[in-house]
Structures are given as C-alpha cells and as structure tokens.
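Okay, work.tsv is below, TSV, C-alpha atoms:
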chain	number	residue	atom	x	y	z
A	1	MET	CA	11.55	-1.79	7.38
A	2	LEU	CA	9.75	-3.56	4.53
A	3	VAL	CA	5.99	-3.10	4.31
A	4	PHE	CA	3.96	-5.19	1.86
A	5	ALA	CA	0.68	-3.69	0.62
A	6	ALA	CA	-1.91	-6.26	-0.40
A	7	SER	CA	-5.60	-6.41	-1.28
A	8	ASP	CA	-7.95	-9.09	-2.56
A	9	LYS	CA	-9.78	-6.81	-4.97
A	10	GLY	CA	-8.83	-3.93	-7.23
A	11	GLY	CA	-10.13	-0.45	-6.44
A	12	THR	CA	-9.38	-0.65	-2.73
A	13	GLY	CA	-7.20	2.46	-2.66
A	14	ARG	CA	-4.14	0.33	-1.90
A	15	SER	CA	-1.75	2.11	-4.23
A	16	VAL	CA	-2.93	5.68	-3.66
A	17	THR	CA	-2.97	5.21	0.12
A	18	SER	CA	0.48	3.59	0.11
A	19	SER	CA	1.86	6.42	-2.04
A	20	ASN	CA	0.39	9.13	0.16
A	21	LEU	CA	1.51	7.67	3.47
A	22	LEU	CA	4.99	7.22	2.01
A	23	TYR	CA	4.97	10.85	0.85
A	24	ARG	CA	3.96	11.97	4.36
A	25	SER	CA	6.71	9.80	5.86
A	26	ALA	CA	9.28	11.50	3.61
A	27	LEU	CA	7.98	14.90	4.72
A	28	GLN	CA	8.49	13.72	8.30
A	29	GLY	CA	12.21	13.33	7.49
A	30	ASN	CA	12.46	9.65	6.60
A	31	ASP	CA	14.24	8.18	3.58
A	32	VAL	CA	11.59	6.09	1.83
A	33	CYS	CA	11.02	4.15	-1.36
A	34	TYR	CA	8.05	2.71	-3.20
A	35	VAL	CA	8.54	-0.58	-5.06
A	36	ASP	CA	5.93	-1.34	-7.72
A	37	PHE	CA	5.22	-5.09	-7.69
A	38	ASP	CA	1.83	-4.63	-9.35
A	39	PHE	CA	3.33	-6.11	-12.49
A	40	GLY	CA	0.17	-6.25	-14.57
A	41	SER	CA	-0.88	-2.66	-13.77
A	42	PRO	CA	2.14	-0.58	-12.67
A	43	THR	CA	0.43	2.80	-12.17
A	44	ALA	CA	2.36	4.18	-9.19
A	45	GLY	CA	4.15	6.60	-11.53
A	46	ALA	CA	0.84	8.31	-12.28
A	47	ILE	CA	0.10	8.79	-8.57
A	48	PHE	CA	3.50	10.40	-8.01
A	49	GLY	CA	3.07	12.55	-11.12
A	50	ILE	CA	5.87	10.95	-13.15
A	51	GLU	CA	4.65	11.42	-16.72
A	52	GLY	CA	7.27	9.12	-18.24
A	53	ALA	CA	6.23	6.23	-15.99
A	54	GLU	CA	2.46	6.65	-15.67
A	55	ASN	CA	1.86	3.07	-16.78
A	56	GLY	CA	5.32	1.77	-16.00
A	57	THR	CA	8.73	2.68	-17.31
A	58	MET	CA	9.93	2.16	-20.87
A	59	SER	CA	13.61	2.10	-19.87
A	60	GLY	CA	13.70	-1.70	-19.82
A	61	ARG	CA	14.82	-1.61	-16.17
A	62	GLY	CA	11.52	-1.82	-14.32
A	63	THR	CA	10.91	-4.29	-11.50
A	64	HIS	CA	9.36	-6.89	-13.80
A	65	ARG	CA	12.35	-7.13	-16.13
A	66	PHE	CA	14.81	-6.85	-13.26
A	67	LEU	CA	13.26	-9.86	-11.54
A	68	ARG	CA	13.39	-11.80	-14.81
A	69	ALA	CA	17.14	-11.04	-15.00
A	70	GLU	CA	16.64	-8.96	-18.14
A	71	ALA	CA	18.15	-5.85	-16.50
A	72	SER	CA	21.25	-5.61	-14.32
A	73	GLN	CA	19.77	-2.92	-12.07
A	74	ALA	CA	16.25	-1.84	-11.22
A	75	GLU	CA	15.48	1.73	-12.28
A	76	ARG	CA	15.12	4.35	-9.56
A	77	ILE	CA	13.23	7.59	-9.97
A	78	ASP	CA	13.75	10.49	-7.58
A	79	VAL	CA	10.19	11.73	-7.10
A	80	TRP	CA	11.17	15.14	-5.74
A	81	SER	CA	13.05	16.10	-8.89
A	82	GLU	CA	11.21	14.06	-11.55
A	83	THR	CA	7.54	14.69	-10.71
A	84	ASP	CA	5.56	16.90	-13.05
A	85	ARG	CA	3.54	18.39	-10.20
A	86	PRO	CA	4.94	21.82	-9.23
A	87	THR	CA	3.63	21.53	-5.65
A	88	VAL	CA	5.58	18.29	-5.13
A	89	ARG	CA	8.71	19.11	-7.13
A	90	GLN	CA	11.95	19.65	-5.25
A	91	ARG	CA	12.70	18.15	-1.89
A	92	PRO	CA	11.51	20.42	0.95
A	93	ALA	CA	13.94	21.36	3.72
A	94	GLY	CA	14.08	18.60	6.28
A	95	ALA	CA	12.38	16.02	4.07
A	96	GLY	CA	13.88	12.61	3.44
A	97	ARG	CA	14.48	10.91	0.11
A	98	LEU	CA	11.44	9.79	-1.89
A	99	VAL	CA	12.28	7.18	-4.51
A	100	LEU	CA	10.11	5.12	-6.87
A	101	LEU	CA	11.12	1.78	-8.35
A	102	PRO	CA	8.62	1.56	-11.23
A	103	GLY	CA	7.21	-1.46	-12.96
A	104	ASP	CA	7.65	-2.05	-16.70
A	105	LYS	CA	5.20	-0.69	-19.23
A	106	GLY	CA	3.64	-3.64	-21.00
A	107	GLY	CA	4.71	-6.03	-18.27
A	108	ALA	CA	2.41	-8.74	-16.98
A	109	ASP	CA	1.81	-10.83	-13.91
A	110	PHE	CA	4.25	-13.70	-13.57
A	111	THR	CA	3.03	-17.21	-14.36
A	112	ARG	CA	4.13	-20.66	-13.28
A	113	ASN	CA	5.98	-20.98	-16.58
A	114	ALA	CA	7.64	-17.56	-16.32
A	115	GLN	CA	8.56	-17.08	-12.69
A	116	PRO	CA	10.69	-14.29	-11.21
A	117	ASN	CA	14.21	-14.82	-9.90
A	118	LEU	CA	13.94	-15.35	-6.14
A	119	ARG	CA	17.59	-14.56	-5.51
A	120	ARG	CA	17.23	-11.19	-7.21
A	121	CYS	CA	14.19	-10.39	-5.11
A	122	ILE	CA	16.00	-11.24	-1.88
A	123	ASP	CA	19.00	-9.12	-2.84
A	124	LEU	CA	16.76	-6.21	-3.84
A	125	PHE	CA	14.96	-6.26	-0.49
A	126	LEU	CA	18.25	-6.45	1.40
A	127	THR	CA	19.69	-3.50	-0.53
A	128	LEU	CA	16.63	-1.31	-0.12
A	129	ASN	CA	16.19	-2.12	3.56
A	130	ALA	CA	19.80	-1.12	4.23
A	131	GLU	CA	19.38	2.16	2.35
A	132	PHE	CA	15.88	3.33	3.32
A	133	SER	CA	14.10	3.54	6.65
A	134	LEU	CA	10.80	2.50	5.04
A	135	CYS	CA	10.12	0.57	1.83
A	136	ILE	CA	6.58	-0.12	0.67
A	137	VAL	CA	6.19	-2.98	-1.80
A	138	ASP	CA	2.87	-2.61	-3.64
A	139	LEU	CA	1.63	-6.07	-4.62
A	140	SER	CA	-0.86	-6.99	-7.32
A	141	ALA	CA	-4.42	-7.44	-6.10
A	142	GLY	CA	-5.51	-10.94	-5.18
A	143	ARG	CA	-3.64	-14.21	-4.77
A	144	ASN	CA	-0.81	-14.26	-7.28
A	145	LEU	CA	2.88	-14.92	-7.76
A	146	ALA	CA	3.82	-11.41	-6.63
A	147	VAL	CA	2.35	-12.20	-3.21
A	148	GLU	CA	4.00	-15.60	-3.14
A	149	LEU	CA	7.33	-14.07	-4.19
A	150	ALA	CA	7.20	-11.64	-1.26
A	151	LEU	CA	6.42	-14.47	1.16
A	152	ARG	CA	9.15	-16.71	-0.21
A	153	ALA	CA	11.73	-13.93	-0.15
A	154	THR	CA	11.00	-12.76	3.39
A	155	ALA	CA	11.22	-16.36	4.62
A	156	ALA	CA	14.80	-16.64	3.34
A	157	PRO	CA	17.47	-16.85	6.08
A	158	GLU	CA	19.05	-13.59	4.88
A	159	LEU	CA	15.82	-11.68	5.53
A	160	ARG	CA	14.81	-13.31	8.81
A	161	GLY	CA	16.38	-10.44	10.74
A	162	VAL	CA	14.78	-7.73	8.61
A	163	GLN	CA	11.66	-6.15	10.08
A	164	SER	CA	8.68	-6.56	7.78
A	165	ARG	CA	4.95	-5.91	8.05
A	166	TRP	CA	1.87	-6.54	5.94
A	167	LEU	CA	-1.04	-4.20	5.30
A	168	VAL	CA	-4.27	-5.48	3.76
A	169	PHE	CA	-6.41	-2.74	2.24
A	170	HIS	CA	-10.17	-2.87	1.75
A	171	ARG	CA	-13.06	-0.50	1.21
A	172	TRP	CA	-15.87	-0.32	3.76
A	173	THR	CA	-18.41	-2.43	1.85
A	174	ARG	CA	-19.80	-5.90	2.41
A	175	GLN	CA	-18.00	-7.36	-0.61
A	176	HIS	CA	-14.65	-5.85	0.31
A	177	VAL	CA	-14.82	-6.87	3.97
A	178	ILE	CA	-15.54	-10.49	3.02
A	179	ALA	CA	-12.81	-10.44	0.36
A	180	ALA	CA	-10.22	-9.04	2.80
A	181	GLY	CA	-11.01	-11.77	5.29
A	182	GLY	CA	-10.71	-14.40	2.58
A	183	LEU	CA	-7.36	-13.05	1.42
A	184	VAL	CA	-5.89	-13.39	4.90
A	185	TYR	CA	-7.66	-16.41	6.36
A	186	GLY	CA	-8.71	-18.43	3.31
A	187	ARG	CA	-7.72	-22.09	3.44
A	188	SER	CA	-4.62	-23.05	1.43
A	189	THR	CA	-4.43	-19.80	-0.55
A	190	GLY	CA	-4.87	-17.23	2.26
A	191	LEU	CA	-1.87	-15.20	3.37
A	192	ILE	CA	-1.54	-17.01	6.70
A	193	ASP	CA	-1.64	-20.49	5.15
A	194	LEU	CA	0.79	-19.41	2.42
A	195	ALA	CA	3.11	-17.92	5.03
A	196	GLU	CA	3.14	-21.25	6.84
A	197	LYS	CA	3.75	-23.06	3.53
A	198	TYR	CA	6.85	-20.95	2.96
A	199	HIS	CA	8.11	-21.60	6.51
A	200	HIS	CA	7.15	-18.40	8.29
A	201	ASP	CA	6.24	-18.62	11.94
A	202	VAL	CA	2.45	-18.28	11.78
A	203	ASP	CA	2.02	-16.45	15.09
A	204	ASP	CA	4.80	-14.01	14.23
A	205	PHE	CA	3.39	-13.41	10.75
A	206	THR	CA	-0.10	-12.78	12.12
A	207	ASP	CA	1.32	-10.26	14.59
A	208	ARG	CA	2.87	-8.37	11.67
A	209	LEU	CA	-0.36	-8.06	9.67
A	210	ARG	CA	-2.96	-5.29	9.95
A	211	PHE	CA	-5.89	-3.92	7.94
A	212	VAL	CA	-6.49	-0.44	6.50
A	213	ARG	CA	-9.99	0.71	5.60
A	214	THR	CA	-10.31	3.21	2.77
A	215	ALA	CA	-12.98	5.59	1.45
A	216	ILE	CA	-14.79	5.69	4.79
A	217	ILE	CA	-17.84	7.96	5.02
A	218	ASP	CA	-17.91	9.95	8.25
A	219	LEU	CA	-21.58	10.60	8.92
A	220	THR	CA	-20.71	13.43	11.32
A	221	SER	CA	-18.52	15.37	8.89
A	222	PRO	CA	-19.68	18.67	7.32
A	223	SER	CA	-19.54	17.05	3.86
A	224	GLN	CA	-22.48	14.82	4.81
A	225	ARG	CA	-24.82	17.64	5.84
A	226	GLY	CA	-26.67	17.33	2.54
A	227	LEU	CA	-27.96	13.86	3.41
A	228	THR	CA	-31.64	13.49	4.15
A	229	ALA	CA	-32.70	12.04	7.50
A	230	PRO	CA	-33.68	8.66	5.93
A	231	GLN	CA	-30.30	8.50	4.17
A	232	SER	CA	-28.42	9.15	7.42
A	233	ILE	CA	-30.44	6.50	9.25
A	234	TRP	CA	-29.91	3.95	6.48
A	235	LEU	CA	-26.14	4.60	6.32
A	236	GLY	CA	-25.90	4.29	10.10
A	237	LYS	CA	-27.57	0.89	9.98
A	238	CYS	CA	-25.24	-0.20	7.17
A	239	ASP	CA	-22.24	0.89	9.21
A	240	ASP	CA	-23.43	-1.16	12.21
A	241	LYS	CA	-23.89	-4.25	10.02
A	242	LEU	CA	-20.45	-3.80	8.49
A	243	ARG	CA	-18.85	-3.65	11.93
A	244	GLU	CA	-20.54	-6.95	12.83
A	245	LEU	CA	-19.43	-8.46	9.52
A	246	ALA	CA	-15.85	-7.26	10.02
A	247	ASP	CA	-15.72	-8.91	13.44
A	248	LYS	CA	-17.12	-12.13	11.98
A	249	HIS	CA	-14.46	-12.24	9.27
A	250	ARG	CA	-11.68	-11.23	11.68
A	251	VAL	CA	-10.96	-7.89	10.05
A	252	GLY	CA	-12.41	-5.82	12.88
A	253	LYS	CA	-11.09	-3.02	15.07
A	254	ASP	CA	-8.59	-5.21	16.94
A	255	LEU	CA	-6.50	-5.59	13.77
A	256	LEU	CA	-7.19	-2.17	12.25
A	257	LEU	CA	-4.15	0.06	11.80
A	258	GLY	CA	-6.08	3.01	10.44
A	259	THR	CA	-8.81	4.39	8.21
A	260	VAL	CA	-8.85	6.84	5.32
A	261	PRO	CA	-11.98	8.97	4.76
A	262	LEU	CA	-13.69	9.28	1.42
A	263	ASP	CA	-12.18	12.25	-0.43
A	264	PRO	CA	-13.79	13.69	-3.58
A	265	MET	CA	-10.41	14.64	-5.03
A	266	LEU	CA	-9.14	11.07	-4.85
A	267	GLN	CA	-12.38	9.78	-6.35
A	268	TRP	CA	-11.59	11.77	-9.50
A	269	GLN	CA	-7.80	11.76	-9.51
A	270	GLU	CA	-5.54	9.30	-7.69
A	271	GLN	CA	-2.58	11.47	-6.69
A	272	LEU	CA	-0.57	12.76	-3.77
A	273	ILE	CA	-2.44	15.14	-1.48
A	274	THR	CA	-0.22	18.12	-0.74
A	275	ASP	CA	-0.57	20.85	1.87
A	276	ASP	CA	-1.24	23.21	-1.02
A	277	ASP	CA	-4.25	21.08	-2.03
A	278	ILE	CA	-5.55	21.49	1.54
A	279	ALA	CA	-4.95	25.24	1.54
A	280	GLN	CA	-6.88	25.61	-1.74
A	281	GLY	CA	-9.76	23.52	-0.41
A	282	ILE	CA	-9.34	20.92	-3.16
A	283	ALA	CA	-8.71	18.06	-0.73
A	284	ASN	CA	-9.94	17.50	2.79
A	285	ARG	CA	-7.68	18.09	5.77
A	286	GLU	CA	-9.02	14.90	7.40
A	287	THR	CA	-7.68	12.80	4.52
A	288	ARG	CA	-4.23	14.40	4.72
A	289	ASP	CA	-4.21	13.85	8.49
A	290	ALA	CA	-5.19	10.19	8.04
A	291	PHE	CA	-2.21	9.64	5.73
A	292	ASP	CA	0.05	11.47	8.19
A	293	SER	CA	-1.17	9.28	11.06
A	294	LEU	CA	-0.70	6.07	9.07
A	295	ALA	CA	2.83	7.13	8.14
A	296	LYS	CA	3.68	7.40	11.83
A	297	ARG	CA	1.81	4.32	13.04
A	298	ILE	CA	3.20	1.99	10.41
A	299	THR	CA	6.68	2.12	11.96
A	300	ASP	CA	5.69	2.79	15.58
A	301	ASP	CA	6.14	-0.43	17.54
A	302	THR	CA	4.10	0.91	20.45
A	303	ALA	CA	1.14	1.86	18.25
A	304	TRP	CA	1.34	-1.48	16.44
A	305	GLU	CA	1.49	-3.60	19.59
A	306	THR	CA	-1.35	-1.86	21.43
A	307	LEU	CA	-3.97	-2.54	18.76
Hey, can you dump this file as structure tokens for me?
Amino acid sequence: MLVFAASDKGGTGRSVTSSNLLYRSALQGNDVCYVDFDFGSPTAGAIFGIEGAENGTMSGRGTHRFLRAEASQAERIDVWSETDRPTVRQRPAGAGRLVLLPGDKGGADFTRNAQPNLRRCIDLFLTLNAEFSLCIVDLSAGRNLAVELALRATAAPELRGVQSRWLVFHRWTRQHVIAAGGLVYGRSTGLIDLAEKYHHDVDDFTDRLRFVRTAIIDLTSPSQRGLTAPQSIWLGKCDDKLRELADKHRVGKDLLLGTVPLDPMLQWQEQLITDDDIAQGIANRETRDAFDSLAKRITDDTAWETL
C-alpha cells in the first residue's frame, strides 16, 4: 500500500507522525519504508536518528536527484542498523524491515522549468509497493509539484491496481483547520480538483482520503491538572468552536482517521518515541498508543470504511 502524507501548512506534525506510525508498523511485523518527497526540507533522517542524512543525504542518490535522472538508483537506508539512537538500533525480534529513502541535502522543490521524471516516479512506486507492505510518501507542505507528481503517478494505468490512500495532517487550531479544508476542497488547486484534473475517479479518491489531527490537548489528562478553572473553561469553549469549524470545512469526525495528543518530548525534539522513552517517563504512553493505533488503522479496510 502507498500512503501519501500531505498538509497545507508547515509545523503540522506530518513528518514526525508519519515516521512514528511507520516505526510502530514495523514493530508490528510489517516491512515498511518512508519516502522523503519533501524536497525543499528533507528532514526525515533527523527524526529516524540518521546523523548522515539529518537534512538529506550527500550521496547524490536522494529522491530529488533520482527523479531528475541524475542517479540510477535511489538511496536506501536501513534504519535499524544505521540509526544513531541506541534504543532504536538493531531490528527487534519479530519486527519487519524499516527503510528510509532520503531526500538530497541542498535539494529544492521542483519548478515548472525543472520538473521530475514521471516515469521514474511510477517505476519507483511500483517497485516499493511490490517490496513493502506499507510505504509512506511524505510530501512537501502546501500545493506544489510534489503533490501533483504523486497524483499524476497514481493515475497512471500501471498504478491503477495499486492500493493508495491520502492522509492530510493538521493541528487543532482555527488556522490549521481552515487550511486543511482548503488543501482538500479548494477550487482548482485543492486535492480533489487536482485528482479529477489528472483523471482520478473523484468519488474513489475522496473515499481514500482522511484527516489526522496532531498536538491535541486532552483536558481530562493528568498533564492538564495545573490549569486554572478559567483556563479549562476557555479551552473547552475553544474546543467546541473548533469542532463546529471542522464540520463547516468538511474536516470533521466523519473523515478523521485518528488524533495524536500533544507531547512535550515532541515539542522539543521531533524523533521516534520508543518503549524505553515511555518506561523512563520522557514521553507519554498516550502518544505512543496513538501512533500504534494509527499504524493499525491506516491499513485496516474495516476501520477505514466505518468512519
């Protein structure tokens, strides 16, 4: 399965959430890979703890150069063996493969005058889908050629039979809710209109798209006990207004795949949350469990269809 991770704004938690749910999926026994299509800011290596690819690879074989036909093969990094984090290093018994296809350090978003090779993108997706049970393609934020490339490639006849899904990430704020709705439903440049432009079936595409809310504050959690009564009341009112706004912009509960709670550790350091981090009390168990649930739901047809 190919899963495309999109967001209208930066800072949504798209990359760190995608990395963590993929990590949890690998721990569940699945062979998975992460493909960095955030060409202007390829930071997935930092999240996985790959020091040599924190801001993209310098091998000359990242996804950007591969798609420009400047490299014969896209680089692959085995996260289990190459990560610098001791608690992640080495593949645990029963875990599946965990592979990163990094972007290029110093790369940039594609432009109309320097477009990627569509044929190479199609072949890459076909190869990865045949090899891995789950591939997450992390797209640059906003409306850009990376998004269009993914839509064009998945509309190709060769990929019509390949199962693909889209996740749109947003934080639980007024600005992010409105932006997420605009990214999906905006006229001409929204994902649905672009999908139709590139000859996707609109109803089918819409069925394969869901939203993920990140950095959610749970007012009932122990971490919020320090709030004053006025603060709790005010936040509750904000939450009610956001739910109304989400329904208005068609990003409400009916299309929500999951939520990720606000976690102090991720606010300071975007990285994988390990069971060791939970045991030490560095990260919250609820955040780890949210990633674990998303990893299961993302490929579960029953969970997807009953939303």
Test item: residues at most 12 Å from Gly29 of chain A, all atoms listed in the file, excluding those fewer than 6 positions along its chain, as a PyMOL selection string: chain A and resi 22-23+91-98+132-134+295-296
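The coordinates place atom CA of Glu131 of chain A at 14.6 Å from atom CA of Leu159 of chain A.
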Selected residue, from A:Ala53, A:Leu126, A:Ala215, A:Leu2, that lies nearest to Gly106 of chain A when counting all atoms listed in the file: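 When distances to Gly106 of chain A are compared using all atoms listed in the file, the smallest one comes from A:Ala53.
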Among listed residues A:Glu75, A:Glu148, A:Glu286, A:Glu305, nearest Leu194 of chain A (using all atoms listed in the file): A:Glu148
Gln271 of chain A surroundings by all atoms listed in the file, 7 Å radius, close-in-sequence under 4 positions cut, as a list of chain:residue names: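 Result of the neighbour search: A:Val16, A:Ile47, A:Phe48, A:Leu266.
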Grab the residues selected above and save them as a PDB file, in the frame of the given file with C-alpha atoms.
ATOM      1  CA  VAL A  16      -2.930   5.680  -3.660  1.00  0.00           C
ATOM      2  CA  ILE A  47       0.100   8.790  -8.570  1.00  0.00           C
ATOM      3  CA  PHE A  48       3.500  10.400  -8.010  1.00  0.00           C
ATOM      4  CA  LEU A 266      -9.140  11.070  -4.850  1.00  0.00           C
TER       5      LEU A 266
END
Test item: residues at most 12 Å from Ile122 of chain A, only C-alpha atoms, excluding those fewer than 3 positions along its chain, as a list in words: Leu2, Leu67, Pro116, Asn117, Leu118, Arg119, Phe125, Leu126, Thr127, Leu128, Asn129, Leu149, Ala150, Leu151, Arg152, Ala153, Thr154, Ala155, Ala156, Pro157, Glu158, Leu159, Arg160 and Val162 of chain A
Polymer residues at most 12 Å from (-13.4, -8.2, 11.4) by only C-alpha atoms, as a count of residues only: 32
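Ranking A:Trp268, A:Trp80, A:Phe66, A:Phe110 by their shortest atom-to-atom distance to Asp38 of chain A, with all atoms listed in the file included, puts A:Phe110 first.
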Distance in Å - atom CA of Ser19 of chain A versus atom CA of Glu270 of chain A: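 Taking atom CA of Ser19 of chain A and atom CA of Glu270 of chain A, their separation equals 9.7 Å.
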From A:Val32, A:Gly52, A:Asp8, A:Val99, residue lying nearest Thr189 of chain A [all atoms listed in the file]: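 Selected residue with least distance to Thr189 of chain A: A:Asp8.
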Of the listed residues A:Lys9, A:Arg61, A:Arg76, A:Lys105, that which approaches Phe39 of chain A most closely, counting only C-alpha atoms: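 Once distances to Phe39 of chain A are computed over only C-alpha atoms, the minimum belongs to A:Lys105.
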Surrounding residues of Ile77 of chain A excluding itself and chain neighbours under 4 positions, 8 Å, all atoms listed in the file, as a list in words: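 Non-adjacent residues within range: Glu82, Val99, Leu100, Leu101 and Pro102 of chain A.
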All residues 12 Å or closer to Leu235 of chain A, all atoms listed in the file, same chain fewer than 2 positions away omitted, as a PyMOL selection string: chain A and resi 172-173+216-220+224+227-233+237-242
Export C-alpha atoms of the chosen residues as a PDB file, keeping the file's coordinate frame?
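To be explicit, this is the file written out as part_29.pdb:
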ATOM      1  CA  TRP A 172     -15.870  -0.320   3.760  1.00  0.00           C
ATOM      2  CA  THR A 173     -18.410  -2.430   1.850  1.00  0.00           C
ATOM      3  CA  ILE A 216     -14.790   5.690   4.790  1.00  0.00           C
ATOM      4  CA  ILE A 217     -17.840   7.960   5.020  1.00  0.00           C
ATOM      5  CA  ASP A 218     -17.910   9.950   8.250  1.00  0.00           C
ATOM      6  CA  LEU A 219     -21.580  10.600   8.920  1.00  0.00           C
ATOM      7  CA  THR A 220     -20.710  13.430  11.320  1.00  0.00           C
ATOM      8  CA  GLN A 224     -22.480  14.820   4.810  1.00  0.00           C
ATOM      9  CA  LEU A 227     -27.960  13.860   3.410  1.00  0.00           C
ATOM     10  CA  THR A 228     -31.640  13.490   4.150  1.00  0.00           C
ATOM     11  CA  ALA A 229     -32.700  12.040   7.500  1.00  0.00           C
ATOM     12  CA  PRO A 230     -33.680   8.660   5.930  1.00  0.00           C
ATOM     13  CA  GLN A 231     -30.300   8.500   4.170  1.00  0.00           C
ATOM     14  CA  SER A 232     -28.420   9.150   7.420  1.00  0.00           C
ATOM     15  CA  ILE A 233     -30.440   6.500   9.250  1.00  0.00           C
ATOM     16  CA  LYS A 237     -27.570   0.890   9.980  1.00  0.00           C
ATOM     17  CA  CYS A 238     -25.240  -0.200   7.170  1.00  0.00           C
ATOM     18  CA  ASP A 239     -22.240   0.890   9.210  1.00  0.00           C
ATOM     19  CA  ASP A 240     -23.430  -1.160  12.210  1.00  0.00           C
ATOM     20  CA  LYS A 241     -23.890  -4.250  10.020  1.00  0.00           C
ATOM     21  CA  LEU A 242     -20.450  -3.800   8.490  1.00  0.00           C
TER      22      LEU A 242
END
Length of the atom CA of Thr287 of chain A to atom CA of Gln28 of chain A vector [Å]: 16.6 Å
Can you patch up segment 7-28 of chain A, filling it in to N, CA and C atoms, and show the result as a PDB file, keeping the file's coordinate frame?
ATOM      1  N   SER A   7      -4.140  -6.528  -1.279  1.00  0.00           N
ATOM      2  CA  SER A   7      -5.600  -6.410  -1.280  1.00  0.00           C
ATOM      3  C   SER A   7      -6.149  -7.554  -2.115  1.00  0.00           C
ATOM      4  N   ASP A   8      -7.371  -7.985  -1.798  1.00  0.00           N
ATOM      5  CA  ASP A   8      -7.950  -9.090  -2.560  1.00  0.00           C
ATOM      6  C   ASP A   8      -8.593  -8.595  -3.842  1.00  0.00           C
ATOM      7  N   LYS A   9      -9.081  -7.359  -3.821  1.00  0.00           N
ATOM      8  CA  LYS A   9      -9.780  -6.810  -4.970  1.00  0.00           C
ATOM      9  C   LYS A   9      -9.090  -5.546  -5.458  1.00  0.00           C
ATOM     10  N   GLY A  10      -9.302  -5.203  -6.732  1.00  0.00           N
ATOM     11  CA  GLY A  10      -8.830  -3.930  -7.230  1.00  0.00           C
ATOM     12  C   GLY A  10      -9.750  -2.816  -6.743  1.00  0.00           C
ATOM     13  N   GLY A  11      -9.294  -1.580  -6.827  1.00  0.00           N
ATOM     14  CA  GLY A  11     -10.130  -0.450  -6.440  1.00  0.00           C
ATOM     15  C   GLY A  11     -10.248  -0.239  -4.952  1.00  0.00           C
ATOM     16  N   THR A  12      -9.321  -0.800  -4.180  1.00  0.00           N
ATOM     17  CA  THR A  12      -9.380  -0.650  -2.730  1.00  0.00           C
ATOM     18  C   THR A  12      -8.704   0.626  -2.241  1.00  0.00           C
ATOM     19  N   GLY A  13      -7.978   1.307  -3.107  1.00  0.00           N
ATOM     20  CA  GLY A  13      -7.200   2.460  -2.660  1.00  0.00           C
ATOM     21  C   GLY A  13      -5.836   2.056  -2.131  1.00  0.00           C
ATOM     22  N   ARG A  14      -5.421   0.832  -2.410  1.00  0.00           N
ATOM     23  CA  ARG A  14      -4.140   0.330  -1.900  1.00  0.00           C
ATOM     24  C   ARG A  14      -2.959   1.174  -2.386  1.00  0.00           C
ATOM     25  N   SER A  15      -2.904   1.401  -3.671  1.00  0.00           N
ATOM     26  CA  SER A  15      -1.750   2.110  -4.230  1.00  0.00           C
ATOM     27  C   SER A  15      -1.741   3.589  -3.859  1.00  0.00           C
ATOM     28  N   VAL A  16      -2.905   4.253  -3.955  1.00  0.00           N
ATOM     29  CA  VAL A  16      -2.930   5.680  -3.660  1.00  0.00           C
ATOM     30  C   VAL A  16      -2.714   5.932  -2.170  1.00  0.00           C
ATOM     31  N   THR A  17      -3.218   5.053  -1.307  1.00  0.00           N
ATOM     32  CA  THR A  17      -2.970   5.210   0.120  1.00  0.00           C
ATOM     33  C   THR A  17      -1.512   4.957   0.450  1.00  0.00           C
ATOM     34  N   SER A  18      -0.941   3.899  -0.121  1.00  0.00           N
ATOM     35  CA  SER A  18       0.480   3.590   0.110  1.00  0.00           C
ATOM     36  C   SER A  18       1.368   4.740  -0.346  1.00  0.00           C
ATOM     37  N   SER A  19       1.065   5.314  -1.512  1.00  0.00           N
ATOM     38  CA  SER A  19       1.860   6.420  -2.040  1.00  0.00           C
ATOM     39  C   SER A  19       1.772   7.641  -1.140  1.00  0.00           C
ATOM     40  N   ASN A  20       0.577   7.946  -0.671  1.00  0.00           N
ATOM     41  CA  ASN A  20       0.390   9.130   0.160  1.00  0.00           C
ATOM     42  C   ASN A  20       1.012   8.981   1.531  1.00  0.00           C
ATOM     43  N   LEU A  21       0.885   7.804   2.138  1.00  0.00           N
ATOM     44  CA  LEU A  21       1.510   7.670   3.470  1.00  0.00           C
ATOM     45  C   LEU A  21       3.027   7.669   3.353  1.00  0.00           C
ATOM     46  N   LEU A  22       3.549   7.173   2.220  1.00  0.00           N
ATOM     47  CA  LEU A  22       4.990   7.220   2.010  1.00  0.00           C
ATOM     48  C   LEU A  22       5.454   8.655   1.804  1.00  0.00           C
ATOM     49  N   TYR A  23       4.690   9.431   1.065  1.00  0.00           N
ATOM     50  CA  TYR A  23       4.970  10.850   0.850  1.00  0.00           C
ATOM     51  C   TYR A  23       4.995  11.597   2.181  1.00  0.00           C
ATOM     52  N   ARG A  24       3.989  11.322   3.043  1.00  0.00           N
ATOM     53  CA  ARG A  24       3.960  11.970   4.360  1.00  0.00           C
ATOM     54  C   ARG A  24       5.146  11.537   5.200  1.00  0.00           C
ATOM     55  N   SER A  25       5.550  10.278   5.103  1.00  0.00           N
ATOM     56  CA  SER A  25       6.710   9.800   5.860  1.00  0.00           C
ATOM     57  C   SER A  25       7.975  10.524   5.426  1.00  0.00           C
ATOM     58  N   ALA A  26       8.117  10.755   4.109  1.00  0.00           N
ATOM     59  CA  ALA A  26       9.280  11.500   3.610  1.00  0.00           C
ATOM     60  C   ALA A  26       9.268  12.926   4.142  1.00  0.00           C
ATOM     61  N   LEU A  27       8.089  13.544   4.182  1.00  0.00           N
ATOM     62  CA  LEU A  27       7.980  14.900   4.720  1.00  0.00           C
ATOM     63  C   LEU A  27       8.323  14.944   6.203  1.00  0.00           C
ATOM     64  N   GLN A  28       8.145  13.821   6.881  1.00  0.00           N
ATOM     65  CA  GLN A  28       8.490  13.720   8.300  1.00  0.00           C
ATOM     66  C   GLN A  28       9.999  13.512   8.508  1.00  0.00           C
TER      67      GLN A  28
END
